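Containing compact mmCIF, C-alpha atoms: query_37.txt.
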# COMPACT_ATOMS: atom_id res chain seq x y z
CA MET O 1 0.00 0.00 0.00
CA SER O 2 1.40 3.41 -0.94
CA GLU O 3 2.18 6.07 1.70
CA LYS O 4 -0.55 8.26 0.21
CA MET O 5 -3.20 5.55 0.69
CA ARG O 6 -1.91 4.74 4.18
CA SER O 7 -2.08 8.38 5.28
CA SER O 8 -5.73 8.63 4.19
CA PHE O 9 -6.76 5.29 5.74
CA ARG O 10 -5.28 6.09 9.18
CA PRO O 11 -7.72 8.88 10.17
CA LEU O 12 -10.67 6.93 8.76
CA ARG O 13 -9.73 3.86 10.79
CA ALA O 14 -9.42 6.01 13.93
CA ALA O 15 -12.85 7.61 13.26
CA THR O 16 -14.43 4.18 12.74
CA LEU O 17 -12.89 2.84 15.95
CA ALA O 18 -14.16 5.91 17.84
CA TRP O 19 -17.67 5.39 16.42
CA ALA O 20 -17.65 1.70 17.49
CA VAL O 21 -16.57 2.67 21.03
CA LEU O 22 -19.27 5.40 21.19
CA VAL O 23 -21.99 2.97 20.09
CA ALA O 24 -20.83 0.34 22.61
CA ALA O 25 -20.72 2.97 25.38
CA THR O 26 -24.28 4.10 24.51
CA LEU O 27 -25.57 0.56 24.87
CA LEU O 28 -23.60 0.13 28.11
CA ALA O 29 -25.12 3.37 29.46
CA ALA O 30 -28.63 2.09 28.62
CA HIS O 31 -27.81 -1.01 30.68
CA PHE O 32 -26.67 1.22 33.58
CA ALA O 33 -29.99 3.10 33.25
CA HIS O 34 -31.94 -0.11 33.80
CA THR O 35 -29.97 -0.71 37.01
CA ALA O 36 -30.30 2.92 38.15
CA GLN O 37 -34.07 2.87 37.69
CA HIS O 38 -34.86 -0.63 39.00
CA ARG O 39 -32.32 -1.56 41.69
CA GLN O 40 -32.28 0.89 44.58
CA SER O 41 -29.23 -0.70 46.22
CA GLU O 42 -26.99 -0.12 43.19
CA ALA O 43 -28.66 3.07 41.93
CA LYS O 44 -25.91 5.50 42.98
CA LEU O 45 -23.19 3.38 41.43
CA ALA O 46 -25.21 3.17 38.21
CA VAL O 47 -25.79 6.96 38.16
CA ALA O 48 -22.03 7.48 38.55
CA GLY O 49 -21.45 5.01 35.71
CA ILE O 50 -23.94 6.83 33.46
CA ILE O 51 -22.39 10.27 34.06
CA ILE O 52 -18.80 9.08 33.69
CA THR O 53 -19.66 7.11 30.53
CA ALA O 54 -21.46 10.15 29.04
CA PHE O 55 -18.55 12.51 29.58
CA ALA O 56 -16.01 9.92 28.43
CA LYS O 57 -18.06 9.76 25.19
CA ILE O 58 -18.12 13.55 25.00
CA TRP O 59 -14.34 13.66 25.44
CA LEU O 60 -13.90 11.07 22.68
CA ILE O 61 -16.16 13.07 20.31
CA GLY O 62 -14.04 16.16 20.99
CA PHE O 63 -10.72 14.35 20.74
CA GLN O 64 -11.43 12.32 17.61
CA PHE O 65 -14.33 13.81 15.60
CA MET O 66 -13.68 17.49 16.43
CA GLU O 67 -9.97 16.76 15.97
CA LEU O 68 -8.86 18.29 19.25
CA LYS O 69 -6.15 15.62 19.25
CA ASN O 70 -4.32 17.81 16.70
CA ALA O 71 -5.32 21.17 18.21
CA PRO O 72 -2.97 23.57 20.01
CA ARG O 73 -2.31 22.46 23.57
CA PRO O 74 -4.20 25.31 25.37
CA LEU O 75 -7.45 24.51 23.54
CA ARG O 76 -7.04 20.78 24.06
CA HIS O 77 -6.35 21.20 27.76
CA ALA O 78 -9.21 23.67 28.18
CA PHE O 79 -11.58 21.05 26.76
CA ASP O 80 -10.09 18.33 29.00
CA LEU O 81 -10.47 20.61 32.03
CA TRP O 82 -14.10 21.44 31.15
CA ALA O 83 -14.92 17.73 30.83
CA VAL O 84 -13.33 16.90 34.21
CA VAL O 85 -14.92 19.88 36.03
CA ILE O 86 -18.48 19.37 34.69
CA THR O 87 -18.28 15.60 35.35
CA SER O 88 -17.14 16.27 38.94
CA VAL O 89 -19.84 18.89 39.54
CA LEU O 90 -22.60 16.61 38.20
CA LEU O 91 -21.35 13.64 40.22
CA LYS O 92 -21.30 15.77 43.37
CA ILE O 93 -24.86 17.03 42.80
CA CYS O 94 -26.32 13.66 41.82
CA LEU O 95 -24.58 11.53 44.46
CA SER O 96 -24.81 13.82 47.50
CA MET E 97 7.47 39.57 -1.21
CA THR E 98 6.67 35.91 -0.70
CA ASP E 99 5.04 36.72 2.63
CA MET E 100 2.99 39.49 1.02
CA ALA E 101 1.64 37.02 -1.49
CA HIS E 102 0.30 34.83 1.34
CA ILE E 103 -1.58 37.58 3.15
CA GLY E 104 -5.29 36.70 3.24
CA ALA E 105 -4.72 33.13 2.14
CA ALA E 106 -5.62 30.27 4.47
CA PRO E 107 -2.57 28.39 5.77
CA PRO E 108 -1.88 25.08 4.08
CA LEU E 109 -3.41 22.02 5.67
CA PRO E 110 -1.09 19.44 7.19
CA LYS E 111 -0.83 15.90 5.96
CA ALA E 112 -2.74 13.38 8.08
CA SER E 113 0.54 12.00 9.43
CA SER E 114 1.88 15.42 10.49
CA HIS E 115 2.75 15.84 14.18
CA LYS E 116 2.30 19.65 14.11
CA THR E 117 -0.69 21.14 15.91
CA TYR E 118 -3.58 22.12 13.71
CA LEU E 119 -6.84 23.88 14.54
CA PRO E 120 -9.65 22.65 12.27
CA GLY E 121 -11.93 25.37 10.89
CA GLU E 122 -11.76 29.06 11.72
CA SER E 123 -10.92 30.27 15.24
CA GLY E 124 -14.43 31.81 15.44
CA ILE E 125 -16.07 28.37 15.50
CA TRP E 126 -14.03 27.46 18.58
CA VAL E 127 -15.17 30.65 20.36
CA PHE E 128 -18.74 29.59 19.52
CA VAL E 129 -18.09 26.01 20.73
CA SER E 130 -16.67 27.34 24.03
CA GLY E 131 -19.72 29.56 24.57
CA GLU E 132 -22.12 26.70 23.81
CA LEU E 133 -20.30 24.37 26.21
CA LEU E 134 -20.58 26.95 29.01
CA VAL E 135 -24.28 27.67 28.38
CA PHE E 136 -25.18 23.97 28.14
CA SER E 137 -23.13 23.28 31.29
CA MET E 138 -25.64 25.48 33.13
CA PHE E 139 -28.49 23.41 31.62
CA PHE E 140 -26.81 20.16 32.74
CA ILE E 141 -26.39 21.50 36.29
CA LEU E 142 -30.04 22.64 36.40
CA ILE E 143 -31.23 19.13 35.45
CA ALA E 144 -28.92 17.51 38.02
CA GLN E 145 -30.11 19.90 40.74
CA GLY E 146 -33.73 19.12 39.84
CA GLN E 147 -32.92 15.42 40.15
CA ALA E 148 -31.30 15.98 43.56
CA GLU E 149 -34.16 18.12 44.90
CA GLN E 150 -37.19 16.39 43.34
CA GLY E 151 -35.89 12.84 42.91
CA ALA E 152 -39.27 11.08 43.13
CA ILE E 153 -40.99 13.38 40.61
CA PHE E 154 -38.03 13.19 38.22
CA ASP E 155 -37.88 9.36 38.47
CA GLN E 156 -41.65 8.98 37.87
CA SER E 157 -41.54 11.41 34.93
CA ARG E 158 -38.45 9.76 33.41
CA ALA E 159 -40.29 6.40 33.47
CA LYS E 160 -42.77 7.94 30.97
CA LEU E 161 -40.02 8.65 28.42
CA ASP E 162 -39.36 6.25 25.55
CA LEU E 163 -35.79 5.08 26.14
CA GLY E 164 -35.77 2.89 23.00
CA LEU E 165 -36.53 5.83 20.68
CA CYS E 166 -33.91 7.94 22.42
CA VAL E 167 -31.23 5.24 22.10
CA ILE E 168 -31.99 5.08 18.36
CA ASN E 169 -31.74 8.88 18.16
CA THR E 170 -28.40 8.85 19.98
CA LEU E 171 -27.05 6.20 17.60
CA LEU E 172 -28.28 8.30 14.65
CA LEU E 173 -26.35 11.36 15.85
CA LEU E 174 -23.19 9.36 16.61
CA THR E 175 -23.37 7.72 13.19
CA GLY E 176 -24.00 11.11 11.55
CA SER E 177 -20.86 12.45 13.22
CA TRP E 178 -18.88 9.46 12.00
CA PHE E 179 -20.12 10.07 8.43
CA VAL E 180 -19.17 13.76 8.67
CA ALA E 181 -15.67 12.86 9.93
CA ILE E 182 -15.21 10.53 6.93
CA ALA E 183 -16.58 13.17 4.53
CA VAL E 184 -14.15 15.80 5.84
CA GLU E 185 -11.23 13.42 5.31
CA ARG E 186 -12.44 12.74 1.76
CA CYS E 187 -12.64 16.51 1.11
CA ARG E 188 -9.01 16.81 2.28
CA GLU E 189 -8.00 14.03 -0.10
CA PHE E 190 -9.88 15.80 -2.90
CA MET E 191 -8.12 19.09 -2.11
CA ARG E 192 -4.65 17.52 -1.83
CA ASP E 193 -4.80 15.19 -4.80
CA SER E 194 -4.32 16.20 -8.38
CA GLY E 195 -5.03 14.25 -11.51
CA PRO E 196 -7.95 12.13 -12.70
CA ASP E 197 -8.08 9.92 -9.57
CA LYS E 198 -9.39 12.76 -7.35
CA ARG E 199 -13.04 12.50 -8.49
CA PRO E 200 -13.88 9.35 -6.42
CA ALA E 201 -12.85 11.20 -3.23
CA GLN E 202 -15.22 14.05 -4.07
CA ASN E 203 -18.11 11.69 -4.84
CA SER E 204 -17.44 9.82 -1.61
CA ALA E 205 -17.44 13.09 0.42
CA THR E 206 -20.79 14.12 -1.05
CA ARG E 207 -22.22 10.67 -0.37
CA TYR E 208 -21.15 10.74 3.29
CA PHE E 209 -22.54 14.25 3.80
CA THR E 210 -25.83 12.98 2.33
CA LEU E 211 -25.84 10.02 4.74
CA ALA E 212 -25.16 12.39 7.67
CA LEU E 213 -28.07 14.54 6.49
CA LEU E 214 -30.34 11.48 6.51
CA CYS E 215 -29.23 10.72 10.08
CA ALA E 216 -30.10 14.30 11.07
CA LEU E 217 -33.52 14.11 9.44
CA GLY E 218 -34.10 10.72 11.11
CA PHE E 219 -33.32 12.33 14.47
CA VAL E 220 -35.79 15.18 13.83
CA SER E 221 -38.53 12.73 12.75
CA ILE E 222 -38.10 10.54 15.83
CA LYS E 223 -38.05 13.59 18.08
CA MET E 224 -41.33 14.74 16.55
CA VAL E 225 -42.87 11.30 17.17
CA GLU E 226 -41.59 11.35 20.76
CA TRP E 227 -42.95 14.82 21.47
CA GLY E 228 -46.22 13.87 19.74
CA HIS E 229 -46.65 10.92 22.14
CA LYS E 230 -46.07 13.17 25.14
CA LEU E 231 -48.43 15.92 23.99
CA HIS E 232 -51.07 13.34 23.05
CA ALA E 233 -50.83 11.95 26.60
CA GLY E 234 -51.44 15.46 27.97
CA ILE E 235 -47.84 15.98 29.06
CA THR E 236 -46.63 19.55 28.50
CA THR E 237 -44.04 21.99 29.86
CA GLY E 238 -46.48 22.81 32.67
CA THR E 239 -46.79 19.20 33.93
CA ASN E 240 -43.82 19.47 36.30
CA ASP E 241 -40.19 20.70 36.46
CA PHE E 242 -38.86 17.55 34.81
CA PHE E 243 -41.02 17.96 31.72
CA MET E 244 -40.35 21.70 31.65
CA TYR E 245 -36.61 20.90 31.40
CA TYR E 246 -37.30 18.02 29.01
CA PHE E 247 -39.21 20.15 26.48
CA MET E 248 -37.05 23.25 26.95
CA PHE E 249 -33.63 21.63 26.64
CA THR E 250 -34.51 19.04 23.99
CA GLY E 251 -36.25 21.90 22.14
CA ILE E 252 -33.13 24.09 22.25
CA HIS E 253 -31.10 21.09 21.10
CA LEU E 254 -33.60 20.37 18.31
CA PHE E 255 -33.14 23.96 17.11
CA HIS E 256 -29.39 23.24 16.94
CA VAL E 257 -30.09 20.08 14.93
CA LEU E 258 -32.28 22.02 12.47
CA MET E 259 -29.46 24.57 12.07
CA GLY E 260 -27.17 21.57 11.58
CA VAL E 261 -29.37 20.32 8.74
CA GLY E 262 -28.76 23.66 7.00
CA VAL E 263 -25.03 23.38 7.71
CA LEU E 264 -24.91 19.83 6.30
CA LEU E 265 -26.75 20.96 3.16
CA PHE E 266 -24.13 23.70 2.75
CA LEU E 267 -21.25 21.25 3.33
CA ARG E 268 -22.73 18.84 0.79
CA ALA E 269 -22.91 21.64 -1.77
CA ALA E 270 -19.35 22.77 -0.94
CA SER E 271 -18.05 19.22 -1.44
CA ARG E 272 -19.48 19.25 -5.00
CA ARG E 273 -17.52 22.32 -6.12
CA PRO E 274 -15.07 21.70 -8.97
CA GLU E 275 -12.18 22.61 -6.65
CA ILE E 276 -11.81 22.71 -2.87
CA THR E 277 -9.44 25.50 -1.88
CA PRO E 278 -7.76 25.68 1.57
CA ARG E 279 -10.24 28.46 2.41
CA THR E 280 -13.23 26.25 1.47
CA MET E 281 -11.68 23.41 3.45
CA ARG E 282 -11.57 25.65 6.53
CA ILE E 283 -15.27 26.40 6.12
CA ILE E 284 -16.08 22.69 5.70
CA GLU E 285 -14.11 21.91 8.87
CA ALA E 286 -15.95 24.67 10.79
CA GLY E 287 -19.33 23.27 9.68
CA ALA E 288 -18.26 19.75 10.63
CA THR E 289 -17.13 21.02 14.07
CA TYR E 290 -20.60 22.52 14.58
CA TRP E 291 -22.23 19.20 13.71
CA HIS E 292 -19.99 17.31 16.15
CA LEU E 293 -20.91 19.87 18.84
CA VAL E 294 -24.62 19.08 18.28
CA ASP E 295 -23.80 15.38 18.77
CA LEU E 296 -21.67 16.09 21.87
CA LEU E 297 -24.38 18.16 23.58
CA TRP E 298 -26.98 15.47 22.94
CA VAL E 299 -24.84 12.80 24.63
CA ALA E 300 -25.02 14.76 27.91
CA LEU E 301 -28.76 15.53 27.59
CA PHE E 302 -29.42 11.86 26.82
CA ALA E 303 -27.64 10.78 30.02
CA LEU E 304 -29.19 13.40 32.30
CA LEU E 305 -32.77 13.38 30.99
CA TYR E 306 -33.25 9.74 30.00
CA LEU E 307 -30.79 7.56 31.88
CA ILE E 308 -30.03 8.58 35.48

Could you express the structure from this file as structure tokens?
Amino acid sequence: MSEKMRSSFRPLRAATLAWAVLVAATLLAAHFAHTAQHRQSEAKLAVAGIIITAFAKIWLIGFQFMELKNAPRPLRHAFDLWAVVITSVLLKICLS
Amino acid sequence: MTDMAHIGAAPPLPKASSHKTYLPGESGIWVFVSGELLVFSMFFILIAQGQAEQGAIFDQSRAKLDLGLCVINTLLLLTGSWFVAIAVERCREFMRDSGPDKRPAQNSATRYFTLALLCALGFVSIKMVEWGHKLHAGITTGTNDFFMYYFMFTGIHLFHVLMGVGVLLFLRAASRRPEITPRTMRIIEAGATYWHLVDLLWVALFALLYLI
């Protein structure tokens, strides 16, 4: 395979892998939802799982699809910081 | 003199294998993205506070939502984003390549933008069905705080999706131009970034309104 073909396949393969992970995480989150809504004893753990899974997905969308992986460091770190702060705030509100 | 000739021209795009940093689109789109993330963060916190303060009402109301339809809608947006990411890469190939073999990349970009558009329209249709079920059952913004947030925030998001449909139509048309210049490529990247933002915001609303 030529270098030209390889260089165009690489980002497509990464995007496809990201999509597969996002779909799997969505189905996993739906499973957590069933636990959160039907099993009181494990509800808080499931809520934490749902929020963390959601913001991990959001981070992956930013990193891969919005191409923050190639962006200047300040922008990339600002996005990472936002994701960590909003996840922490939501976990604190929902689990307290 | 060489520098003068480059004034006003968009900087060249890097090759996919380049290790240099690169900001897709125009800087203005990232200012917009930052503003949207901050505004929607407030929405997310409002929903979470509602859940913490009125847990029983929120849980009972959430049980009336159709999780299956929402999972399908989430998968439609994620798949639409994937299609847009592929289309953008095809546009880059089309811009970089020269010679007769560049046409397949252009056709492929247009096809993927069309598929993303269909995903967006599928999302809008399902959202209409979902809202129709709620309104038919007598559930409105005045039913309780949960449904006020549900209609308000999914409504604001739906407005973003409808704007996104317009953006995708524009991107599809841009991908069909005889040539894609670096400047056009920047605009395509900015539009794609907007569409990914719409997807990103939905992922959080999906978790907070439908799942927890």

Give me the residues of chain O that have any atom at most 9 Å from an atom of chain E; for each, the nearest atom pair and the distance in Å, rounded to one decimal. Use all atoms listed in the file, sort by chain and number, and format it as JSON lines.
{"residue": "O:Ser7", "atom": "CA", "partner": "E:Ala112", "partner_atom": "CA", "distance": 5.8}
{"residue": "O:Ser8", "atom": "CA", "partner": "E:Ala112", "partner_atom": "CA", "distance": 6.8}
{"residue": "O:Arg10", "atom": "CA", "partner": "E:Ala112", "partner_atom": "CA", "distance": 7.8}
{"residue": "O:Pro11", "atom": "CA", "partner": "E:Ala112", "partner_atom": "CA", "distance": 7.0}
{"residue": "O:Leu12", "atom": "CA", "partner": "E:Ile182", "partner_atom": "CA", "distance": 6.1}
{"residue": "O:Ala15", "atom": "CA", "partner": "E:Trp178", "partner_atom": "CA", "distance": 6.4}
{"residue": "O:Thr16", "atom": "CA", "partner": "E:Trp178", "partner_atom": "CA", "distance": 6.9}
{"residue": "O:Ala18", "atom": "CA", "partner": "E:Trp178", "partner_atom": "CA", "distance": 8.3}
{"residue": "O:Trp19", "atom": "CA", "partner": "E:Trp178", "partner_atom": "CA", "distance": 6.1}
{"residue": "O:Leu22", "atom": "CA", "partner": "E:Leu174", "partner_atom": "CA", "distance": 7.2}
{"residue": "O:Val23", "atom": "CA", "partner": "E:Leu171", "partner_atom": "CA", "distance": 6.5}
{"residue": "O:Thr26", "atom": "CA", "partner": "E:Val167", "partner_atom": "CA", "distance": 7.4}
{"residue": "O:Leu27", "atom": "CA", "partner": "E:Val167", "partner_atom": "CA", "distance": 7.8}
{"residue": "O:Ala29", "atom": "CA", "partner": "E:Leu307", "partner_atom": "CA", "distance": 7.5}
{"residue": "O:Ala30", "atom": "CA", "partner": "E:Leu307", "partner_atom": "CA", "distance": 6.7}
{"residue": "O:Phe32", "atom": "CA", "partner": "E:Leu307", "partner_atom": "CA", "distance": 7.7}
{"residue": "O:Ala33", "atom": "CA", "partner": "E:Leu307", "partner_atom": "CA", "distance": 4.7}
{"residue": "O:His34", "atom": "CA", "partner": "E:Leu307", "partner_atom": "CA", "distance": 8.0}
{"residue": "O:Ala36", "atom": "CA", "partner": "E:Ile308", "partner_atom": "CA", "distance": 6.3}
{"residue": "O:Gln37", "atom": "CA", "partner": "E:Ile308", "partner_atom": "CA", "distance": 7.3}
{"residue": "O:Ala43", "atom": "CA", "partner": "E:Ile308", "partner_atom": "CA", "distance": 8.6}
{"residue": "O:Ala46", "atom": "CA", "partner": "E:Ile308", "partner_atom": "CA", "distance": 7.7}
{"residue": "O:Val47", "atom": "CA", "partner": "E:Ile308", "partner_atom": "CA", "distance": 5.3}
{"residue": "O:Ala48", "atom": "CA", "partner": "E:Ile308", "partner_atom": "CA", "distance": 8.6}
{"residue": "O:Ile50", "atom": "CA", "partner": "E:Ala303", "partner_atom": "CA", "distance": 6.4}
{"residue": "O:Ile51", "atom": "CA", "partner": "E:Ala303", "partner_atom": "CA", "distance": 6.6}
{"residue": "O:Thr53", "atom": "CA", "partner": "E:Ala303", "partner_atom": "CA", "distance": 8.8}
{"residue": "O:Ala54", "atom": "CA", "partner": "E:Ala300", "partner_atom": "CA", "distance": 5.9}
{"residue": "O:Phe55", "atom": "CA", "partner": "E:Ala300", "partner_atom": "CA", "distance": 7.1}
{"residue": "O:Lys57", "atom": "CA", "partner": "E:Val299", "partner_atom": "CA", "distance": 7.5}
{"residue": "O:Ile58", "atom": "CA", "partner": "E:Leu296", "partner_atom": "CA", "distance": 5.4}
{"residue": "O:Trp59", "atom": "CA", "partner": "E:Leu296", "partner_atom": "CA", "distance": 8.5}
{"residue": "O:Ile61", "atom": "CA", "partner": "E:Leu296", "partner_atom": "CA", "distance": 6.5}
{"residue": "O:Gly62", "atom": "CA", "partner": "E:Leu296", "partner_atom": "CA", "distance": 7.7}
{"residue": "O:Gln64", "atom": "CA", "partner": "E:Ala181", "partner_atom": "CA", "distance": 8.8}
{"residue": "O:Phe65", "atom": "CA", "partner": "E:Ala181", "partner_atom": "CA", "distance": 5.9}
{"residue": "O:Met66", "atom": "CA", "partner": "E:Thr289", "partner_atom": "CA", "distance": 5.5}
{"residue": "O:Glu67", "atom": "CA", "partner": "E:Pro120", "partner_atom": "CA", "distance": 7.0}
{"residue": "O:Leu68", "atom": "CA", "partner": "E:Leu119", "partner_atom": "CA", "distance": 7.6}
{"residue": "O:Lys69", "atom": "CA", "partner": "E:Thr117", "partner_atom": "CA", "distance": 8.5}
{"residue": "O:Asn70", "atom": "CA", "partner": "E:Thr117", "partner_atom": "CA", "distance": 5.0}
{"residue": "O:Ala71", "atom": "CA", "partner": "E:Leu119", "partner_atom": "CA", "distance": 4.8}
{"residue": "O:Pro72", "atom": "CA", "partner": "E:Thr117", "partner_atom": "CA", "distance": 5.3}
{"residue": "O:Arg73", "atom": "CA", "partner": "E:Thr117", "partner_atom": "CA", "distance": 7.9}
{"residue": "O:Leu75", "atom": "CA", "partner": "E:Trp126", "partner_atom": "CA", "distance": 8.8}
{"residue": "O:Phe79", "atom": "CA", "partner": "E:Ser130", "partner_atom": "CA", "distance": 8.5}
{"residue": "O:Trp82", "atom": "CA", "partner": "E:Leu133", "partner_atom": "CA", "distance": 8.5}
{"residue": "O:Ile86", "atom": "CA", "partner": "E:Ser137", "partner_atom": "CA", "distance": 7.0}
{"residue": "O:Val89", "atom": "CA", "partner": "E:Ile141", "partner_atom": "CA", "distance": 7.8}
{"residue": "O:Leu90", "atom": "CA", "partner": "E:Ala144", "partner_atom": "CA", "distance": 6.4}
{"residue": "O:Leu91", "atom": "CA", "partner": "E:Ala144", "partner_atom": "CA", "distance": 8.8}
{"residue": "O:Ile93", "atom": "CA", "partner": "E:Ala144", "partner_atom": "CA", "distance": 6.3}
{"residue": "O:Cys94", "atom": "CA", "partner": "E:Ala148", "partner_atom": "CA", "distance": 5.8}
{"residue": "O:Leu95", "atom": "CA", "partner": "E:Ala148", "partner_atom": "CA", "distance": 8.1}
{"residue": "O:Ser96", "atom": "CA", "partner": "E:Ala148", "partner_atom": "CA", "distance": 7.9}

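Taking CA of Leu214 (chain E) and CA of Gly124 (chain E) as endpoints, the distance between them is 27.3 Å.
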
Distance of CA of Leu60 (chain O) from CA of Asp162 (chain E), expressed in Å to one decimal place: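 Between CA of Asp162 (chain E) and CA of Leu60 (chain O) the gap is 26.1 Å.
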
Distance CA of Met244 (chain E)-CA of Ser221 (chain E), one decimal place?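 That distance, rounded to one decimal, is 21.0 Å.
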
What lies within 12 Å of Ala269 (chain E) using only C-alpha atoms, ignoring chain neighbours under 5 positions off, as number ranges by chain? E: 187, 202-203, 205-207, 209-210, 262-264, 274-276, 280, 283-284

Compile the contact shell of Ile235 (chain E) as a tab-separated table (two decimals) with C-alpha atoms, in the frame of the given file: residues with an atom at most 10 Å away, counting only C-alpha atoms, same-chain residues fewer than 5 positions apart removed.
chain	number	residue	atom	x	y	z
E	157	SER	CA	-41.54	11.41	34.93
E	160	LYS	CA	-42.77	7.94	30.97
E	227	TRP	CA	-42.95	14.82	21.47
E	228	GLY	CA	-46.22	13.87	19.74
E	229	HIS	CA	-46.65	10.92	22.14
E	230	LYS	CA	-46.07	13.17	25.14
E	240	ASN	CA	-43.82	19.47	36.30
E	243	PHE	CA	-41.02	17.96	31.72
E	244	MET	CA	-40.35	21.70	31.65
E	247	PHE	CA	-39.21	20.15	26.48
